[in-house]
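Structure file target_39.pdb (PDB, C-alpha atoms) is printed below.
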```pdb
ATOM      1  CA  MET A 210      23.214  11.404  -4.381
ATOM      2  CA  GLY A 211      21.426  11.429  -1.041
ATOM      3  CA  LYS A 212      19.728   8.482   0.631
ATOM      4  CA  LEU A 213      16.099   7.458   1.021
ATOM      5  CA  PHE A 214      15.186   6.526   4.588
ATOM      6  CA  ALA A 215      11.872   4.694   5.000
ATOM      7  CA  ILE A 216      10.345   4.308   8.450
ATOM      8  CA  GLY A 217       7.458   2.057   9.395
ATOM      9  CA  GLU A 218       6.197  -1.457   8.849
ATOM     10  CA  VAL A 219       7.996  -4.349   7.205
ATOM     11  CA  LEU A 220       5.857  -7.458   7.077
ATOM     12  CA  ILE A 221       5.036 -10.647   5.223
ATOM     13  CA  ASP A 222       2.310 -10.461   2.584
ATOM     14  CA  PHE A 223       0.664 -13.846   2.098
ATOM     15  CA  VAL A 224      -0.637 -13.557  -1.467
ATOM     16  CA  PRO A 225      -3.281 -16.087  -2.650
ATOM     17  CA  LEU A 226      -2.592 -18.456  -5.494
ATOM     18  CA  GLN A 227      -6.226 -18.011  -6.597
ATOM     19  CA  LYS A 228      -7.923 -14.873  -7.906
ATOM     20  CA  GLY A 229     -11.552 -13.904  -7.457
ATOM     21  CA  VAL A 230     -11.885 -15.791  -4.170
ATOM     22  CA  ASN A 231     -12.896 -14.286  -0.827
ATOM     23  CA  LEU A 232     -10.158 -14.390   1.776
ATOM     24  CA  LYS A 233     -12.048 -16.980   3.835
ATOM     25  CA  ASP A 234     -12.117 -19.299   0.823
ATOM     26  CA  VAL A 235      -8.459 -19.035  -0.220
ATOM     27  CA  ILE A 236      -6.804 -22.450  -0.041
ATOM     28  CA  SER A 237      -3.127 -21.582  -0.472
ATOM     29  CA  PHE A 238      -0.840 -18.577  -0.318
ATOM     30  CA  GLU A 239       2.713 -17.686  -1.242
ATOM     31  CA  ARG A 240       4.731 -15.393   0.988
ATOM     32  CA  ALA A 241       6.213 -12.122  -0.217
ATOM     33  CA  PRO A 242       8.102  -9.380   1.613
ATOM     34  CA  GLY A 243       5.963  -6.280   2.028
ATOM     35  CA  GLY A 244       5.002  -3.229   4.007
ATOM     36  CA  ALA A 245       4.563   0.050   2.128
ATOM     37  CA  PRO A 246       7.692   1.854   3.435
ATOM     38  CA  ALA A 247       9.807  -1.232   2.722
ATOM     39  CA  ASN A 248       8.430  -1.425  -0.811
ATOM     40  CA  VAL A 249       9.443   2.193  -1.416
ATOM     41  CA  ALA A 250      12.944   1.600  -0.040
ATOM     42  CA  ALA A 251      13.312  -1.457  -2.280
ATOM     43  CA  ALA A 252      12.182   0.495  -5.349
ATOM     44  CA  VAL A 253      14.755   3.235  -4.770
ATOM     45  CA  ALA A 254      17.513   0.653  -4.311
ATOM     46  CA  LYS A 255      16.392  -1.337  -7.369
ATOM     47  CA  TYR A 256      16.637   1.767  -9.554
ATOM     48  CA  GLY A 257      20.177   2.553  -8.433
ATOM     49  CA  GLY A 258      19.687   4.790  -5.410
ATOM     50  CA  ARG A 259      20.691   4.306  -1.800
ATOM     51  CA  SER A 260      18.012   3.438   0.732
ATOM     52  CA  ALA A 261      17.736   2.321   4.343
ATOM     53  CA  MET A 262      14.867   0.869   6.380
ATOM     54  CA  ILE A 263      14.116   2.056   9.912
ATOM     55  CA  THR A 264      11.929  -0.382  11.843
ATOM     56  CA  LYS A 265      11.846  -3.220  14.351
ATOM     57  CA  LEU A 266      11.321  -6.912  13.557
ATOM     58  CA  GLY A 267      10.656  -9.912  15.727
ATOM     59  CA  LEU A 268      13.397 -12.366  16.584
ATOM     60  CA  ASP A 269      11.660 -14.974  14.475
ATOM     61  CA  ALA A 270      11.997 -16.723  11.127
ATOM     62  CA  PHE A 271       9.795 -14.150   9.370
ATOM     63  CA  GLY A 272      12.051 -11.345  10.607
ATOM     64  CA  ASP A 273      15.104 -13.224   9.333
ATOM     65  CA  PHE A 274      13.399 -13.696   5.952
ATOM     66  CA  LEU A 275      12.527 -10.010   5.623
ATOM     67  CA  ILE A 276      16.045  -8.843   6.408
ATOM     68  CA  GLU A 277      17.436 -11.249   3.819
ATOM     69  CA  GLN A 278      14.947 -10.034   1.217
ATOM     70  CA  LEU A 279      15.678  -6.364   1.882
ATOM     71  CA  GLN A 280      19.412  -6.984   1.665
ATOM     72  CA  GLU A 281      18.948  -8.818  -1.636
ATOM     73  CA  ALA A 282      16.987  -5.800  -2.894
ATOM     74  CA  GLY A 283      19.909  -3.541  -1.938
ATOM     75  CA  VAL A 284      18.268  -1.895   1.089
ATOM     76  CA  GLU A 285      20.478  -1.112   4.071
ATOM     77  CA  THR A 286      19.249  -3.008   7.143
ATOM     78  CA  ASP A 287      21.582  -1.771   9.880
ATOM     79  CA  LYS A 288      18.796   0.438  11.270
ATOM     80  CA  ILE A 289      16.411  -2.487  11.729
ATOM     81  CA  PHE A 290      16.178  -3.434  15.392
ATOM     82  CA  ARG A 291      15.052  -6.852  16.687
ATOM     83  CA  THR A 292      12.865  -7.788  19.647
ATOM     84  CA  LYS A 293      11.481 -10.803  21.507
ATOM     85  CA  GLU A 294       8.539  -8.759  22.805
ATOM     86  CA  ALA A 295       6.386  -9.177  19.677
ATOM     87  CA  ASN A 296       6.316 -11.125  16.438
ATOM     88  CA  THR A 297       6.911  -9.851  12.931
ATOM     89  CA  GLY A 298       3.697  -8.558  11.319
ATOM     90  CA  LEU A 299       1.725 -10.626   8.789
ATOM     91  CA  ALA A 300      -0.861  -9.600   6.183
ATOM     92  CA  PHE A 301      -3.102 -12.042   4.332
ATOM     93  CA  VAL A 302      -4.374 -10.784   0.997
ATOM     94  CA  SER A 303      -7.193 -11.877  -1.315
ATOM     95  CA  LEU A 304      -7.194 -10.799  -4.956
ATOM     96  CA  LYS A 305     -10.231  -9.881  -7.026
ATOM     97  CA  ASN A 306     -10.215 -10.746 -10.727
ATOM     98  CA  ASN A 307      -9.069  -7.190 -11.564
ATOM     99  CA  GLY A 308      -6.072  -7.497  -9.218
ATOM    100  CA  GLU A 309      -7.550  -5.335  -6.434
ATOM    101  CA  ARG A 310      -7.027  -6.530  -2.876
ATOM    102  CA  ASP A 311      -8.623  -7.262   0.472
ATOM    103  CA  PHE A 312      -6.389  -7.405   3.564
ATOM    104  CA  SER A 313      -6.417  -9.162   6.929
ATOM    105  CA  PHE A 314      -3.581  -8.057   9.254
ATOM    106  CA  TYR A 315      -2.068  -9.940  12.185
ATOM    107  CA  ARG A 316      -0.517  -7.545  14.711
ATOM    108  CA  ASN A 317      -1.523  -7.076  18.325
ATOM    109  CA  PRO A 318       0.972  -5.507  18.391
ATOM    110  CA  SER A 319       3.517  -6.495  15.781
ATOM    111  CA  SER A 320       7.205  -5.846  16.366
ATOM    112  CA  ASP A 321       7.359  -2.706  14.181
ATOM    113  CA  LEU A 322       5.062  -0.829  16.582
ATOM    114  CA  LEU A 323       7.640  -1.253  19.360
ATOM    115  CA  LEU A 324      10.376   0.877  17.783
ATOM    116  CA  LYS A 325      11.211   3.569  20.362
ATOM    117  CA  GLU A 326      12.023   7.217  19.787
ATOM    118  CA  GLU A 327      15.319   6.840  21.681
ATOM    119  CA  GLU A 328      16.391   4.324  19.019
ATOM    120  CA  ILE A 329      16.266   7.074  16.375
ATOM    121  CA  ASN A 330      19.648   8.772  15.921
ATOM    122  CA  PRO A 331      19.382  12.286  14.410
ATOM    123  CA  SER A 332      22.949  11.991  13.082
ATOM    124  CA  TRP A 333      21.716   9.484  10.491
ATOM    125  CA  PHE A 334      20.234  12.237   8.333
ATOM    126  CA  SER A 335      21.654  14.986   6.113
ATOM    127  CA  ALA A 336      20.306  17.738   3.852
ATOM    128  CA  GLU A 337      20.615  15.468   0.801
ATOM    129  CA  ASP A 338      18.324  12.792   2.233
ATOM    130  CA  ILE A 339      14.612  12.005   1.989
ATOM    131  CA  LEU A 340      12.540  10.429   4.771
ATOM    132  CA  HIS A 341       9.412   8.563   3.640
ATOM    133  CA  PHE A 342       6.590   7.320   5.870
ATOM    134  CA  CYS A 343       2.983   6.105   5.714
ATOM    135  CA  SER A 344       0.042   6.010   8.129
ATOM    136  CA  VAL A 345      -0.151   2.314   9.051
ATOM    137  CA  ASP A 346       2.325   2.748  11.928
ATOM    138  CA  LEU A 347       0.872   6.029  13.210
ATOM    139  CA  VAL A 348      -1.468   4.260  15.648
ATOM    140  CA  GLU A 349      -0.828   5.099  19.302
ATOM    141  CA  SER A 350       2.419   3.243  19.989
ATOM    142  CA  PRO A 351       6.131   3.832  20.569
ATOM    143  CA  MET A 352       6.528   3.783  16.767
ATOM    144  CA  LYS A 353       4.341   6.880  16.397
ATOM    145  CA  GLN A 354       6.733   8.801  18.643
ATOM    146  CA  ALA A 355       9.693   7.367  16.723
ATOM    147  CA  HIS A 356       8.167   8.835  13.553
ATOM    148  CA  LYS A 357       7.934  12.257  15.161
ATOM    149  CA  LYS A 358      11.573  12.187  16.238
ATOM    150  CA  ALA A 359      12.789  11.014  12.813
ATOM    151  CA  ILE A 360      10.727  13.642  10.989
ATOM    152  CA  GLN A 361      11.995  16.410  13.254
ATOM    153  CA  ALA A 362      15.575  15.241  12.785
ATOM    154  CA  VAL A 363      15.244  15.361   8.989
ATOM    155  CA  VAL A 364      13.595  18.794   9.123
ATOM    156  CA  ASP A 365      16.355  20.068  11.415
ATOM    157  CA  ASN A 366      18.915  18.849   8.865
ATOM    158  CA  ASP A 367      17.037  20.531   5.969
ATOM    159  CA  GLY A 368      16.160  17.165   4.415
ATOM    160  CA  ILE A 369      12.955  16.336   2.537
ATOM    161  CA  VAL A 370      10.018  14.527   4.168
ATOM    162  CA  SER A 371       7.582  12.474   2.066
ATOM    163  CA  PHE A 372       4.213  11.126   3.280
ATOM    164  CA  ASP A 373       1.919   8.584   1.611
ATOM    165  CA  PRO A 374      -1.109   8.070   3.903
ATOM    166  CA  ASN A 375      -1.744   4.620   2.376
ATOM    167  CA  VAL A 376      -5.020   4.216   4.287
ATOM    168  CA  ARG A 377      -5.699   0.765   5.779
ATOM    169  CA  LEU A 378      -8.845   1.192   7.879
ATOM    170  CA  PRO A 379      -8.943  -2.392   9.293
ATOM    171  CA  LEU A 380      -5.854  -1.509  11.337
ATOM    172  CA  TRP A 381      -7.580   1.357  13.151
ATOM    173  CA  GLU A 382     -10.085   1.358  15.971
ATOM    174  CA  SER A 383     -12.233   3.715  13.895
ATOM    175  CA  PRO A 384     -12.087   5.649  10.596
ATOM    176  CA  GLU A 385     -12.039   8.863  12.652
ATOM    177  CA  ALA A 386      -8.863   7.783  14.476
ATOM    178  CA  CYS A 387      -7.146   7.102  11.151
ATOM    179  CA  GLN A 388      -8.257  10.432   9.707
ATOM    180  CA  LYS A 389      -7.105  12.310  12.810
ATOM    181  CA  ALA A 390      -3.614  10.774  12.729
ATOM    182  CA  ILE A 391      -3.183  11.497   9.017
ATOM    183  CA  ARG A 392      -4.263  15.104   9.462
ATOM    184  CA  GLU A 393      -1.837  15.434  12.395
ATOM    185  CA  PHE A 394       1.142  14.323  10.302
ATOM    186  CA  LEU A 395       0.248  15.916   6.945
ATOM    187  CA  PRO A 396       1.662  19.373   7.792
ATOM    188  CA  LEU A 397       5.011  17.791   8.731
ATOM    189  CA  ALA A 398       5.699  16.562   5.176
ATOM    190  CA  HIS A 399       7.104  18.440   2.186
ATOM    191  CA  ILE A 400       5.689  15.949  -0.348
ATOM    192  CA  VAL A 401       2.272  14.292   0.011
ATOM    193  CA  LYS A 402       1.233  11.395  -2.223
ATOM    194  CA  ILE A 403      -2.480  10.653  -2.090
ATOM    195  CA  SER A 404      -4.717   8.351  -4.146
ATOM    196  CA  ASP A 405      -8.107   8.994  -5.687
ATOM    197  CA  GLU A 406      -9.585   6.489  -3.203
ATOM    198  CA  GLU A 407      -8.208   8.403  -0.195
ATOM    199  CA  LEU A 408      -8.645  12.076  -1.063
ATOM    200  CA  GLU A 409     -12.239  12.617   0.064
ATOM    201  CA  PHE A 410     -11.797  10.488   3.201
ATOM    202  CA  ILE A 411      -8.766  12.488   4.337
ATOM    203  CA  THR A 412      -9.951  15.981   3.388
ATOM    204  CA  GLY A 413     -13.720  15.682   3.718
ATOM    205  CA  LYS A 414     -14.087  17.475   0.358
ATOM    206  CA  THR A 415     -15.656  16.125  -2.839
ATOM    207  CA  ASP A 416     -14.193  18.621  -5.333
ATOM    208  CA  ILE A 417     -10.809  17.223  -6.355
ATOM    209  CA  ASP A 418      -8.902  20.472  -6.907
ATOM    210  CA  GLU A 419     -10.357  22.005  -3.754
ATOM    211  CA  ALA A 420      -9.483  18.900  -1.763
ATOM    212  CA  VAL A 421      -5.927  18.827  -3.097
ATOM    213  CA  GLN A 422      -5.397  22.511  -2.345
ATOM    214  CA  SER A 423      -6.511  21.924   1.258
ATOM    215  CA  LEU A 424      -3.528  19.602   1.662
ATOM    216  CA  PHE A 425      -1.128  22.525   1.246
ATOM    217  CA  THR A 426      -0.699  23.195   4.933
ATOM    218  CA  GLY A 427       2.357  23.484   7.152
ATOM    219  CA  ASN A 428       5.495  22.328   5.330
ATOM    220  CA  VAL A 429       3.744  20.855   2.271
ATOM    221  CA  LYS A 430       5.321  22.005  -1.006
ATOM    222  CA  ALA A 431       4.013  19.379  -3.464
ATOM    223  CA  VAL A 432       1.035  17.027  -3.717
ATOM    224  CA  VAL A 433       0.967  13.997  -6.014
ATOM    225  CA  TYR A 434      -2.572  12.806  -6.739
ATOM    226  CA  THR A 435      -2.561   9.273  -8.149
ATOM    227  CA  LYS A 436      -5.410   7.818 -10.207
ATOM    228  CA  GLY A 437      -4.343   4.220 -10.776
ATOM    229  CA  ALA A 438      -4.278   3.271 -14.452
ATOM    230  CA  LEU A 439      -5.346   6.814 -15.390
ATOM    231  CA  GLY A 440      -2.011   8.284 -14.264
ATOM    232  CA  ALA A 441      -1.243  11.009 -11.756
ATOM    233  CA  ASP A 442      -1.377  14.775 -11.292
ATOM    234  CA  LEU A 443       1.349  16.842  -9.658
ATOM    235  CA  TYR A 444       0.437  20.054  -7.853
ATOM    236  CA  VAL A 445       3.296  22.386  -6.996
ATOM    237  CA  ASN A 446       3.685  26.136  -6.588
ATOM    238  CA  GLY A 447       0.115  26.840  -7.717
ATOM    239  CA  LYS A 448       0.505  24.780 -10.897
ATOM    240  CA  LYS A 449      -0.947  21.417 -11.941
ATOM    241  CA  TYR A 450       0.845  18.903 -14.156
ATOM    242  CA  GLU A 451      -1.108  15.945 -15.542
ATOM    243  CA  SER A 452       0.251  12.608 -16.735
ATOM    244  CA  ARG A 453      -1.306   9.544 -18.309
ATOM    245  CA  GLY A 454      -1.094   5.987 -17.045
ATOM    246  CA  PHE A 455      -0.176   2.838 -18.953
ATOM    247  CA  ASP A 456      -2.272  -0.148 -20.004
ATOM    248  CA  VAL A 457      -0.823  -3.426 -18.738
ATOM    249  CA  GLU A 458      -2.164  -6.890 -17.921
ATOM    250  CA  VAL A 459      -2.673  -6.604 -14.169
ATOM    251  CA  GLN A 460      -1.882  -9.577 -11.952
ATOM    252  CA  ASP A 461      -1.674  -7.932  -8.531
ATOM    253  CA  THR A 462      -1.957  -4.267  -7.540
ATOM    254  CA  THR A 463      -0.157  -4.843  -4.222
ATOM    255  CA  GLY A 464       2.649  -2.302  -3.978
ATOM    256  CA  ALA A 465       1.733  -0.389  -7.145
ATOM    257  CA  GLY A 466       1.364   2.905  -5.288
ATOM    258  CA  ASP A 467       4.596   2.212  -3.418
ATOM    259  CA  ALA A 468       6.403   1.536  -6.694
ATOM    260  CA  PHE A 469       5.005   4.817  -8.032
ATOM    261  CA  ILE A 470       6.243   6.932  -5.134
ATOM    262  CA  GLY A 471       9.471   4.916  -4.997
ATOM    263  CA  GLY A 472      10.123   5.894  -8.608
ATOM    264  CA  PHE A 473       9.155   9.484  -7.862
ATOM    265  CA  LEU A 474      11.541   9.789  -4.908
ATOM    266  CA  TYR A 475      14.315   7.992  -6.795
ATOM    267  CA  LYS A 476      14.133  10.615  -9.553
ATOM    268  CA  LEU A 477      14.392  13.388  -6.949
ATOM    269  CA  LEU A 478      17.484  11.743  -5.463
ATOM    270  CA  GLU A 479      18.942  11.238  -8.945
ATOM    271  CA  MET A 480      18.382  14.941  -9.680
ATOM    272  CA  LYS A 481      20.029  15.845  -6.349
ATOM    273  CA  ALA A 482      16.952  17.628  -5.038
ATOM    274  CA  ASP A 483      17.161  19.334  -1.672
ATOM    275  CA  LEU A 484      14.638  21.426   0.196
ATOM    276  CA  SER A 485      15.704  24.655  -1.498
ATOM    277  CA  SER A 486      15.592  23.207  -5.029
ATOM    278  CA  LEU A 487      12.623  20.823  -4.645
ATOM    279  CA  GLU A 488       9.920  22.998  -6.199
ATOM    280  CA  ASN A 489      12.089  24.129  -9.112
ATOM    281  CA  ILE A 490      13.148  20.544  -9.919
ATOM    282  CA  LEU A 491       9.533  19.386  -9.862
ATOM    283  CA  LEU A 492       8.418  22.295 -12.052
ATOM    284  CA  THR A 493      11.204  21.759 -14.576
ATOM    285  CA  ASN A 494      11.119  17.959 -14.729
ATOM    286  CA  SER A 495       7.487  17.078 -14.026
ATOM    287  CA  LYS A 496       6.972  15.172 -17.296
ATOM    288  CA  GLU A 497      10.061  12.973 -16.851
ATOM    289  CA  ILE A 498       9.435  12.317 -13.154
ATOM    290  CA  LEU A 499       5.757  11.426 -13.592
ATOM    291  CA  ALA A 500       6.387   9.195 -16.613
ATOM    292  CA  PHE A 501       9.030   7.211 -14.725
ATOM    293  CA  SER A 502       6.774   6.945 -11.658
ATOM    294  CA  ASN A 503       3.785   5.781 -13.708
ATOM    295  CA  GLY A 504       5.935   3.210 -15.484
ATOM    296  CA  SER A 505       7.278   1.923 -12.177
ATOM    297  CA  GLY A 506       3.792   1.510 -10.750
ATOM    298  CA  ALA A 507       2.301  -0.066 -13.874
ATOM    299  CA  LEU A 508       5.015  -2.658 -14.444
ATOM    300  CA  THR A 509       4.901  -3.721 -10.792
ATOM    301  CA  THR A 510       1.265  -4.804 -11.212
ATOM    302  CA  THR A 511       2.217  -7.361 -13.869
ATOM    303  CA  GLY A 512       3.623  -9.739 -11.243
ATOM    304  CA  LYS A 513       2.625 -10.988  -7.793
ATOM    305  CA  GLY A 514       3.872  -9.332  -4.631
ATOM    306  CA  ALA A 515       5.445  -5.917  -4.317
ATOM    307  CA  ILE A 516       9.230  -6.099  -3.923
ATOM    308  CA  SER A 517       9.564  -9.217  -6.058
ATOM    309  CA  SER A 518       7.648  -7.569  -8.933
ATOM    310  CA  LEU A 519       9.636  -4.341  -9.116
ATOM    311  CA  PRO A 520      10.966  -3.800 -12.642
ATOM    312  CA  ALA A 521      14.541  -2.867 -13.464
ATOM    313  CA  LYS A 522      15.251   0.786 -14.208
ATOM    314  CA  GLU A 523      16.102  -0.119 -17.803
ATOM    315  CA  GLN A 524      12.723  -1.860 -18.200
ATOM    316  CA  ILE A 525      10.916   1.281 -17.099
ATOM    317  CA  LEU A 526      12.880   3.542 -19.417
ATOM    318  CA  GLU A 527      12.218   1.232 -22.381
ATOM    319  CA  PHE A 528       8.545   0.864 -21.436
ATOM    320  CA  ILE A 529       7.811   4.586 -21.187
ATOM    321  CA  ASP A 530       9.776   5.366 -24.337
TER     322      ASP A 530
END
```

Encoded form using structure tokens:
Amino acid sequence: MGKLFAIGEVLIDFVPLQKGVNLKDVISFERAPGGAPANVAAAVAKYGGRSAMITKLGLDAFGDFLIEQLQEAGVETDKIFRTKEANTGLAFVSLKNNGERDFSFYRNPSSDLLLKEEEINPSWFSAEDILHFCSVDLVESPMKQAHKKAIQAVVDNDGIVSFDPNVRLPLWESPEACQKAIREFLPLAHIVKISDEELEFITGKTDIDEAVQSLFTGNVKAVVYTKGALGADLYVNGKKYESRGFDVEVQDTTGAGDAFIGGFLYKLLEMKADLSSLENILLTNSKEILAFSNGSGALTTTGKGAISSLPAKEQILEFID
């Protein structure tokens, strides 16, 4: 089995102890390890795969905490660099009564944005591996260039590249800057995961099928369109595969999309997918892969925080059965 490499932000999510309260009115929080790429790496490790995080953390207590949490989750941390030049990133979250979130980020910059392209070693990657990234760390920074080098290294080694835009507009100087960066990196990925809330913003198209088809550009071989509790659709090789979601009692949707794509990429690793077999594996096993992914995402929403709420593989298999 290959390895999942996740590159990008690792941060502390401060999750409120109260629901239905605006962020300015929250009295108390509990800390949880977070950052979308880190959540995906933790999911893969939790389900029995191998994963590694590529990022940079501050030489501070929060950085120490995150490394400990990733190691406990089974994620390799030897490719996490440390710096005194910036602090570890923080995100404060408020939860609506339905579990949806509002974010306030503290990074100006945060340590993850300081990862340099020369710190990326192309020898890390092989044809059996998957590199996963999101858009939060694609702002103009050394980290953006580090992404480009890592992606090129994986492509050169015939590995698979996965991209979840995971739009967080408060982190960008303008919506247009966010859209431009996402569109720049989309053609570099083989797998694109996109949510119903992001599709029109990224593509500029209102028709769902037309918008999804417009994402098939450059290297893109598969698009996963997620619809929250309604499930997800997989588009590959001109075909569309639909799946249903699961009804659960939602506590916190933080990390649900990450748990979904973490489950999706874990199944690809488990099935020993490589670039040459990717489309055939997705076509042949779409039902199994989507069911596992939906179960992973749904069960994660039943607890607070992302990494701490990830279910065990056995829980997912029993749940979807």

Inset, instruction - Enumerate, as a PyMOL selection string, the residues matched when the PyMOL selection byres ((chain A and resi 410-414) around 8) is run on the file above. - result: chain A and resi 388+391-392+406-409+415-417+419-420+423-424

How about saving the chosen residues, C-alpha atoms kept, as a compact mmCIF listing (two decimals), in the frame of the given file?
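This is the output file again.txt:
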```
# COMPACT_ATOMS: atom_id res chain seq x y z
CA GLN A 388 -8.26 10.43 9.71
CA ILE A 391 -3.18 11.50 9.02
CA ARG A 392 -4.26 15.10 9.46
CA GLU A 406 -9.59 6.49 -3.20
CA GLU A 407 -8.21 8.40 -0.20
CA LEU A 408 -8.64 12.08 -1.06
CA GLU A 409 -12.24 12.62 0.06
CA THR A 415 -15.66 16.12 -2.84
CA ASP A 416 -14.19 18.62 -5.33
CA ILE A 417 -10.81 17.22 -6.36
CA GLU A 419 -10.36 22.00 -3.75
CA ALA A 420 -9.48 18.90 -1.76
CA SER A 423 -6.51 21.92 1.26
CA LEU A 424 -3.53 19.60 1.66
```

Inset, instruction - Enumerate, as a list in words, the residues matched when the PyMOL selection byres ((chain A and resi 224) around 8) is run on the file above. - result: Asp222, Phe223, Pro225, Leu226, Phe238, Glu239, Arg240, Ala241, Phe301, Val302, Ser303, Leu304, Lys513 and Gly514 of chain A

Legend entry - Coordinates-based distance that separates atom CA of A:Glu458 from atom CA of A:His341 (Å, one decimal):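 A separation of 28.9 Å between them.
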
Inset, instruction - Take the PyMOL selection byres ((chain A and resi 354) around 12), apply it to the structure above, and return the hits as a PyMOL selection string. - result: chain A and resi 216-217+322-329+346-353+355-361+394

Legend entry - Between atom CA of A:Phe372 and atom CA of A:Ala398 - distance in Å to one decimal: 5.9 Å

Legend entry - Two-atom distance - atom CA of A:Ile276, atom CA of A:Cys343 (Å): 19.9 Å

Legend entry - Proximity to A:Leu491 - best of A:Thr286, A:Thr463, A:Ser383, A:Asn446, only C-alpha atoms: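 Counting only C-alpha atoms, the residue closest to A:Leu491 is A:Asn446.
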
Inset, instruction - Find the residues around A:Gln278 up to 9 Å (all atoms listed in the file counted), leave out those fewer than 6 positions away in its own chain, and share them as a PyMOL selection string. - result: chain A and resi 242+284+516

Inset, instruction - Do a neighbour search on stretch 363-371 of chain A at 8 Å with all atoms listed in the file, toss out local chain neighbours closer than 2 positions, and write the hits as a PyMOL selection string. - result: chain A and resi 331+334-342+359-361+373+397-402+483-484

Legend entry - Nearest residue to A:Val429 from the set A:Leu492, A:Leu395, A:Leu477, A:Ala500 (distances using all atoms listed in the file): A:Leu395

Legend entry - Test item: which residues lie within 9 Å of (6.4, -4.5, -14.5) counting only C-alpha atoms, as a list in words: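 Final list of nearby residues, as requested, is Val457, Gly504, Ser505, Gly506, Ala507, Leu508, Thr509, Thr510, Thr511, Gly512, Ser518, Leu519, Pro520, Ala521, Gln524 and Ile525 of chain A.
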
Inset, instruction - Rank nothing, just name the residue among A:Leu268, A:Ala252, A:Ile236, A:Val376 nearest to A:Phe469, using all atoms listed in the file. - result: A:Ala252
